[in-house]
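Comments concern the structure below.
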Amino acid sequence: MSLLEKGLQCTSCKKVGAITPFNYAECHLEPAVLVYGPPVRGRELRQLISRGPPNIFKWLPILPIDEVPETDSPLSKVGSTGLVIANDLAKSLGFGSDFYVYPDEGPLSGTFKDNGVTIASLTVRQFIKQGYDVRATIDSTTGNLGVSHGAVAYILGVKAVVFIPSDSSHELIERAAGMGAYVVKVNTDYDTMNEHLKHAMEYRQLAGIFGINLGLRHIYGEGSKTIGPEIARQLGWRAPDAIVHPIAAGLSLSRIYNGLDQARGLGLIDSLPTRMYGAQAERYHSIRPTGNQQNPFELVDIQETSAVLPSTLRVRKPTNVWDIIETLVKSNGSTIGLTDAEVYQGMQLVKDNTPFSTGPVGGTVVAAAKKLREKGQITPDESTVLVLTDAITGNFDYESTIRGRSKGQISEIEPGIKNIVATLEQILAA
């Protein structure tokens with residue numbers, strides 16, 4: 001392919017075709033992977049990126065989109081999170097001076113999902129220009145993704161439908177609707193709902209519906225991957241020794257490492273020493289180290305249905321489980337489970353030692369870092385970054401964001417593929 005080409009590459013014959021809504025190559029009906037050919041590499045590519053806008057769009061050479069929003073667009077704020085030097089928190093956890101927090105409070109929705117949703121939604125807009133019929137975008141979520149999806153869809157003028165398990169946070173359900181999304185509560189758990197939705201998307205009458213984290217997951221993940229090279233850029237184009245990140249569905253953890261690996265391949269960073277550590281609530285600690293070199297991780301069947309923890313932590317089987325395991329093995333990382341008490345202690349440590357706060361997901365990450373340090377899996381002098389995906393920095397104002405918007409409808413249905421299909425048909429006909 002030419003140096004400026006972006007496309008989907010067939011995993012069978014390696015032929016590169018155009019980026020389409022379908023994650024497979026038509027030549028062999030085989031899975032396809034996104035590939036990029038930036039115009040330059042190494043130091044020149046660094047300079048090109050550094051001259052780019054102060055947001056996610058500086059990474060345009062390795063993104064599936066071809067345009068940058070106007071500077072006055074709310075989308076231009078996405079991806080502008082800065083690393084925070086947290087010396088007091090580092091001291092309380094037993095770390096040294098090369099310790100950082102990445103408080104990823106999205107500017108559009110107050111959630112870290114803004115990166116992935118923005119890139120996926122802009123790609124959908126490209127598909128519209130190419131002549132594809134786009135009737136709506138949908139997602140399956142425990143909460144945060146739905147809020148971000150509603151926010152971005154409103155900006156782009158696309159109908160957004162959010163499916164969410166009924167035991168999810170009432171606040172997140174209301175926030176997604178407040179952003180303008182149609183919210184459908186399904187009376188089951190996330191895993192069952194997600195499986196039903198996947199099958200429903202195969203129904204012919206639902207053509208023209210694009211799943212942000214389903215059919216377009218390979219593109220949605222491209223927004224998440226920029227966090228990896230962005231961290232390296234802010235560290236002076238060097239990758240940290242360790243990144244601690246929460247595991248829910250698990251896409252972000254694996255894509256961040258993929259972004260760092262891609263940065264190394266393009267000469268943006270010289271080496272990749274980063275170990276990825278995944279933090280899970282103990283009762284949902286489904287990916288566990290075995291101590292066996294041949295099979296270093298096992299997937300544990302989780303039956304827990306506790307309502308104590310927030311829905312974002314109550315994922316029994318991460319959707320991207322095999323990508324997570326591959327990333328952990330490749331990076332020599334691991335996972336760790338935290339008790340409820342440890343999670344809330346982690347939240348308190350952030351509140352006491354930084355100028356911002358975090359929710360239970362961030363508390364899980366901080367508690368994991370503390371335990372990893374105590375176990376000697378991360379040493380005090382190693383460069384360490386904690387990614388807090390539910391940080392509250394005070395920079396996002398939900399009430400001012402939704403002012404003037406029409407609230408989306410909230411409905412409730414019983415689980416089942418036919419129920420989902422019928423509900424989508426009703427929403428599309430509205």
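By convention here, the chains of the structure tokens are called A, B, ... in the order presented, each chain's residues are numbered starting at 1, and ligands are numbered starting at 1 in the order presented.
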
For the interface of segment 193-217 of chain A with segment 313-324 of chain A (cut-off 12 Å, counting only C-alpha atoms), please tabulate each contacting residue of segment 193-217 of chain A alongside its nearest pair of atoms and their separation in Å to one decimal, rows sorted by chain and increasing number, as CSV.
```
residue,atom,partner,partner_atom,distance
A:Met193,CA,A:Val315,CA,11.8
A:Asn194,CA,A:Thr319,CA,9.1
A:Glu195,CA,A:Thr319,CA,9.9
A:Lys198,CA,A:Thr319,CA,11.8
A:Asn213,CA,A:Thr319,CA,10.3
A:Leu214,CA,A:Thr319,CA,10.2
A:Arg217,CA,A:Asn320,CA,10.3
```

Within 12 Å of segment 395-417 of chain A, which residues of segment 131-209 of chain A come that close, and what is the closest atom pair and distance in Å for each? Count only C-alpha atoms and give it as CSV.
```
residue,atom,partner,partner_atom,distance
A:Gly146,CA,A:Gly408,CA,11.7
A:Val147,CA,A:Tyr398,CA,10.4
A:Ser148,CA,A:Tyr398,CA,11.5
A:Gly150,CA,A:Gly408,CA,9.0
A:Ala151,CA,A:Ile402,CA,8.7
A:Val152,CA,A:Thr401,CA,11.6
A:Ala153,CA,A:Gly408,CA,11.9
A:Tyr154,CA,A:Arg405,CA,8.7
A:Ile155,CA,A:Arg405,CA,10.7
A:Lys159,CA,A:Gly408,CA,10.0
A:Ala160,CA,A:Gly408,CA,9.2
A:Val161,CA,A:Gly408,CA,9.2
A:Val162,CA,A:Ile410,CA,9.5
A:Phe163,CA,A:Glu412,CA,9.7
A:Ile164,CA,A:Glu412,CA,9.6
A:Pro165,CA,A:Pro415,CA,9.4
A:Ser166,CA,A:Glu412,CA,7.8
A:Asp167,CA,A:Glu412,CA,11.5
A:His170,CA,A:Ile410,CA,11.3
A:Glu171,CA,A:Tyr398,CA,11.6
A:Leu172,CA,A:Tyr398,CA,11.5
A:Ile173,CA,A:Ile410,CA,8.2
A:Glu174,CA,A:Ile410,CA,8.3
A:Arg175,CA,A:Tyr398,CA,8.2
A:Ala176,CA,A:Gly408,CA,8.0
A:Ala177,CA,A:Gly408,CA,4.6
A:Gly178,CA,A:Lys407,CA,4.8
A:Met179,CA,A:Ile402,CA,5.9
A:Gly180,CA,A:Gly408,CA,4.4
A:Ala181,CA,A:Gly408,CA,4.8
A:Tyr182,CA,A:Gly408,CA,4.9
A:Val183,CA,A:Ile410,CA,4.7
A:Val184,CA,A:Ser411,CA,5.0
A:Lys185,CA,A:Glu412,CA,4.6
A:Val186,CA,A:Ile413,CA,5.1
A:Asn187,CA,A:Glu414,CA,5.2
A:Thr188,CA,A:Pro415,CA,6.2
A:Asp189,CA,A:Pro415,CA,9.3
A:Tyr190,CA,A:Pro415,CA,10.6
A:Asp191,CA,A:Pro415,CA,11.3
A:Thr192,CA,A:Pro415,CA,8.0
A:Met193,CA,A:Pro415,CA,6.7
A:Asn194,CA,A:Ile417,CA,10.2
A:Glu195,CA,A:Ile417,CA,8.9
A:His196,CA,A:Ile417,CA,5.1
A:Leu197,CA,A:Ile417,CA,6.6
A:Lys198,CA,A:Ile417,CA,8.8
A:His199,CA,A:Ile417,CA,6.8
A:Ala200,CA,A:Ile417,CA,5.4
A:Met201,CA,A:Ile417,CA,9.2
A:Glu202,CA,A:Ile417,CA,10.2
A:Tyr203,CA,A:Ile417,CA,9.7
```

Name the residues of segment 89-256 of chain A that fall into alpha helix (DSSP H) according to DSSP on the backbone, using the chain letters and numbers of this document, as a count of residues only.
77

I'd like the interatomic distance between atom CA of Ile209 of chain A and atom CA of Ser73 of chain A, to a tenth of an Å.
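Atom CA of Ser73 of chain A lies at a distance of 25.0 Å from atom CA of Ile209 of chain A.
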
Contacts of Thr379 of chain A at 12 Å (only C-alpha atoms; same-chain gap of 4+ positions) as JSON, numbers by chain:
{"A": [90, 93, 94, 95, 96, 97, 98, 99, 241, 242, 369, 370, 371, 372, 373, 374, 375, 383, 384]}
